[in-house]
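What follows is one structure encoded as structure tokens, with my remarks underneath.
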Amino acid sequence: MSSLIPIVGAAQNYAWGKYGSKSAVAQFSHSNDPSVSIDETKPYAELWMGTHAKAPATLKDNRKKLLSDVIASDPSKYLGSKVLSQYPTTNGGLPFLFKVLSINKVLSIQAHPDKSLGAKLHVADPSHYPDSNHKPEMAVAITDFEAFCGFKPLPEIDVLLQKIPEFYQLVGAEVAQTFHDKISSASREDGRRLLQSVFGKVMTASPETVAKYAKKMVARTKSQPELFGPVLADLIQRLNSQFPDDVGLFCGCLMLNHCFLNPGEAMFLHAKEPHAYISGNIMECMATSDNVIRAGFTPKFKDVDTLVSCLTYTTNPVEEQKQKPEDFARGTGDAKFALYNPPIDEFSVLQVKFEARTGLSAHIAGIHGPSIVIVTDGSGEIAVKGEKSQKAEPGYIYFVAPDVELSLSSSSSSSPFTLYRAFCELE
Ligand code: 9C2
Ligand code: ZN
């Protein structure tokens with residue numbers, strides 16, 4: 001078997017995905033495998049590229065064979081000795097899961113467990129927490145992208161609490177007033193406790209109470225928009241049309257940072273940090289896991305108690321949560337390389353982008369671990385040094401074995417040949 005293996009990912013039709021051919025997930029799935037037809041009545045939310053048992057990648061020229069079977073047939077060849085010793089596998093599992101997300105509607109307000117909570121939740125409730133693993137994750141915007149990430153600074157939450165009567169009433173005068181009185185002199189630890197008390201009140205209110213105040217607050221965004229400002233008023237109305245009267249209008253819109261990424265910008269989410277994506281297309285990479293603790297804006301299983309008790313309640317500015325791209329010295333030639341290297345071992349993501357011209361070429365020296373490459377724009381060819389080159393068009397996905405040099409060449413003049421490569425490489 002070659003070191004550059006064409007594979008096919010697996011689409012997830014979660015309700016928040018873009019519909020039919022509007023979704024990058026559907027477009028990529030069809031272009032990689034034209035026998036996959038696009039159902040225009042269905043949402044296509046996520047394209048999974050990895051070895052997670054829920055939706056494992058298969059070989060493009062043998063759809064019955066799993067990528068994980070190939071890896072399991074010779075783990076040290078396909079993972080490299082270091083990765084194999086840190087992430088031992090008997091069934092060919094990769095340490096990371098790479099995805100494309102195409103978002104039409106807000107995802108659930110969620111957080112992901114760290115390793116010890118992941119293991120605990122999995123033992124207690126394996127049907128809702130299918131993995132005994134953490135799920136740190138990173139989003140790289142392909143289009144303009146909008147999300148909730150982390151808690152707003154405490155003074156901002158306080159201003160909203162004092163200004164918006166429905167928020168104040170939902171939290172209750174006692175907790176709201178204590179928060180107001182104490183945050184300016186609170187230690188970091190006390191600040192966390194104060195934030196948890198407000199968040200806990202919102203999350204544990206009855207659905208009837210939440211609906212009563214949500215209706216009034218949405219009406220107020222129309223009668224008194226100046227109280228919210230145009231961006232927040234619009235956000236509340238927009239998300240209320242997606243999930244009417246939902247608790248997310250309070251715990252998301254009023255308590256979490258509303259952030260925007262331009263294409264090429266990225267953010268990294270540590271364990272136990274609340275977030276929810278709102279719109280746009282992204283590449284997402286995570287440790288192999290599907291453990292999600294949800295509490296709002298979702299028809300899926302919610303676990304409010306676990307969410308309220310597990311969050312870190314830190315309040316980092318959005319800028320600190322952004323993952324700044326770094327140079328990548330092992331890439332040479334005509335392409336631009338941007339490395340997103342978050343502070344965890346399981347994955348990094350490399351963006352490779354050519355200008356929209358034919359005949360350009362680039363090389364990437366060996367990476368000492370397994371990788372998965374997907375083409376997102378333009379077209380060209382990809383080859384392992386000394387082997388025949390293969391087509392690289394939007395949606396084409398390849399598994400790349402460790403320590404092989406890759407050559408790329410562009411053949412599109414209308415759009416820039418662009419690839420993303422997720423990999424695991426240990427120091
Ligand atoms: O698949 C999320 C998707 O679970 N994004 O959100 O469907 O659970 O609301 P829902 C997961 C994705 O990888 C993620 O964690 N932040
Ligand atoms: Zn998430």
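So you can find residues: chains in the structure tokens are A, B, ... in the order shown, residues in each start at 1, and ligands are numbered from 1 in order.
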
message = as a VMD selection string, please: the residues near stretch 55-65 of chain A (cut-off 10 Å, only C-alpha atoms, same-chain neighbours under 5 positions excluded).
response = chain A and resid 5 to 12 32 to 33 47 to 50 70 93 97 396 to 399

task = Using only C-alpha atoms and all ligand atoms, find each residue with an atom at most 6 Å away from ligand 1 and format the answer as a ChimeraX atom specification.
result = /A:14,107-108,292,298

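Using only C-alpha atoms and all ligand atoms as the basis for the distance check, residues found within 10 Å of ligand 2 are A:Leu107, A:Ser108, A:Ile109, A:Gln110, A:Ala111, A:His112, A:Lys135, A:Pro136, A:Glu137, A:Met138, A:Ala139, A:Cys149, A:Leu269, A:His270, A:Ala271, A:Lys272, A:Glu273, A:Pro274, A:His275, A:Ala276, A:Tyr277, A:Glu284, A:Met286, A:Asp290, A:Asn291, A:Val292, A:Ile293, A:Arg294.
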
request  = Give me the residues within 6 Å of stretch 327-341 of chain A as a ChimeraX atom specification, counting only C-alpha atoms and dropping any in the same chain fewer than 2 places off.
outcome  = /A:325,348-354,360-365

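Among the candidates A:Leu419, A:Leu408, A:Tyr213, A:Lys42, the residue lying nearest to A:Lys388 is A:Leu408 (atoms considered: only C-alpha atoms).
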
message = So, with only C-alpha atoms as the atoms that count, which of A:His368, A:His258, A:Lys324, A:His30 lies closest to A:Gly150?
response = A:His258

remark   = The residue from A:Ala356, A:Val100, A:Leu235, A:Asn91 with the smallest atom-to-atom distance to A:Tyr44, counting only C-alpha atoms, is A:Val100

task = Please identify which residues in stretch 65-128 of chain A DSSP calls strand (DSSP E) from the backbone, and express them as an MDAnalysis selection string.
result = chainID A and resid 65:66 96:103 109:111

remark   = Here atom CA of A:Ile236 and atom CA of A:Val218 stand apart by 6.8 Å

inquiry  = Applying 9 Å and only C-alpha atoms, which residues near A:Val384 remain after dropping the ones on its own chain fewer than 3 positions away? List them as a PyMOL selection string.
reply    = chain A and resi 2-4+387-389+400+404-407

Write the residues of the preceding selection, restricted to N, CA, C and O atoms, as a PDB file, in the first residue's frame.
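Final file, again-v6.pdb:
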```
ATOM      1  N   SER A   2       0.499   2.245  -0.831  1.00  0.00           N
ATOM      2  CA  SER A   2       1.259   3.505  -0.904  1.00  0.00           C
ATOM      3  C   SER A   2       1.233   4.242   0.439  1.00  0.00           C
ATOM      4  O   SER A   2       0.434   3.933   1.322  1.00  0.00           O
ATOM      5  N   SER A   3       2.071   5.253   0.559  1.00  0.00           N
ATOM      6  CA  SER A   3       2.045   6.095   1.769  1.00  0.00           C
ATOM      7  C   SER A   3       1.057   7.236   1.642  1.00  0.00           C
ATOM      8  O   SER A   3       0.927   8.047   2.543  1.00  0.00           O
ATOM      9  N   LEU A   4       0.398   7.348   0.470  1.00  0.00           N
ATOM     10  CA  LEU A   4      -0.588   8.408   0.224  1.00  0.00           C
ATOM     11  C   LEU A   4      -1.876   7.712  -0.211  1.00  0.00           C
ATOM     12  O   LEU A   4      -1.972   7.222  -1.334  1.00  0.00           O
ATOM     13  N   GLU A 387       6.700   8.650  -6.259  1.00  0.00           N
ATOM     14  CA  GLU A 387       5.483   7.904  -6.647  1.00  0.00           C
ATOM     15  C   GLU A 387       4.695   8.718  -7.658  1.00  0.00           C
ATOM     16  O   GLU A 387       4.924   9.911  -7.835  1.00  0.00           O
ATOM     17  N   LYS A 388       3.718   8.051  -8.297  1.00  0.00           N
ATOM     18  CA  LYS A 388       2.876   8.712  -9.300  1.00  0.00           C
ATOM     19  C   LYS A 388       1.999   9.764  -8.620  1.00  0.00           C
ATOM     20  O   LYS A 388       1.491   9.534  -7.519  1.00  0.00           O
ATOM     21  N   SER A 389       1.795  10.903  -9.288  1.00  0.00           N
ATOM     22  CA  SER A 389       0.963  11.920  -8.637  1.00  0.00           C
ATOM     23  C   SER A 389      -0.529  11.595  -8.788  1.00  0.00           C
ATOM     24  O   SER A 389      -0.940  10.879  -9.695  1.00  0.00           O
ATOM     25  N   VAL A 400      -1.876  10.357   4.881  1.00  0.00           N
ATOM     26  CA  VAL A 400      -0.449  10.365   4.558  1.00  0.00           C
ATOM     27  C   VAL A 400       0.319   9.692   5.699  1.00  0.00           C
ATOM     28  O   VAL A 400       0.180  10.094   6.868  1.00  0.00           O
ATOM     29  N   VAL A 404       7.096  10.951   4.957  1.00  0.00           N
ATOM     30  CA  VAL A 404       7.235  10.978   3.493  1.00  0.00           C
ATOM     31  C   VAL A 404       7.168  12.430   3.025  1.00  0.00           C
ATOM     32  O   VAL A 404       6.436  13.240   3.583  1.00  0.00           O
ATOM     33  N   GLU A 405       7.972  12.725   1.983  1.00  0.00           N
ATOM     34  CA  GLU A 405       7.950  14.091   1.440  1.00  0.00           C
ATOM     35  C   GLU A 405       6.813  14.195   0.432  1.00  0.00           C
ATOM     36  O   GLU A 405       6.620  13.314  -0.401  1.00  0.00           O
ATOM     37  N   LEU A 406       6.046  15.275   0.540  1.00  0.00           N
ATOM     38  CA  LEU A 406       4.919  15.481  -0.389  1.00  0.00           C
ATOM     39  C   LEU A 406       5.259  16.568  -1.388  1.00  0.00           C
ATOM     40  O   LEU A 406       5.854  17.587  -1.033  1.00  0.00           O
ATOM     41  N   SER A 407       4.840  16.357  -2.642  1.00  0.00           N
ATOM     42  CA  SER A 407       4.963  17.414  -3.662  1.00  0.00           C
ATOM     43  C   SER A 407       3.567  17.821  -4.080  1.00  0.00           C
ATOM     44  O   SER A 407       2.683  16.970  -4.251  1.00  0.00           O
TER      45      SER A 407
END
```

task = Tell me which of A:Gln177, A:Asn316, A:Ser409, A:Ser206 sits closest to A:Leu194, counting only C-alpha atoms.
result = A:Gln177
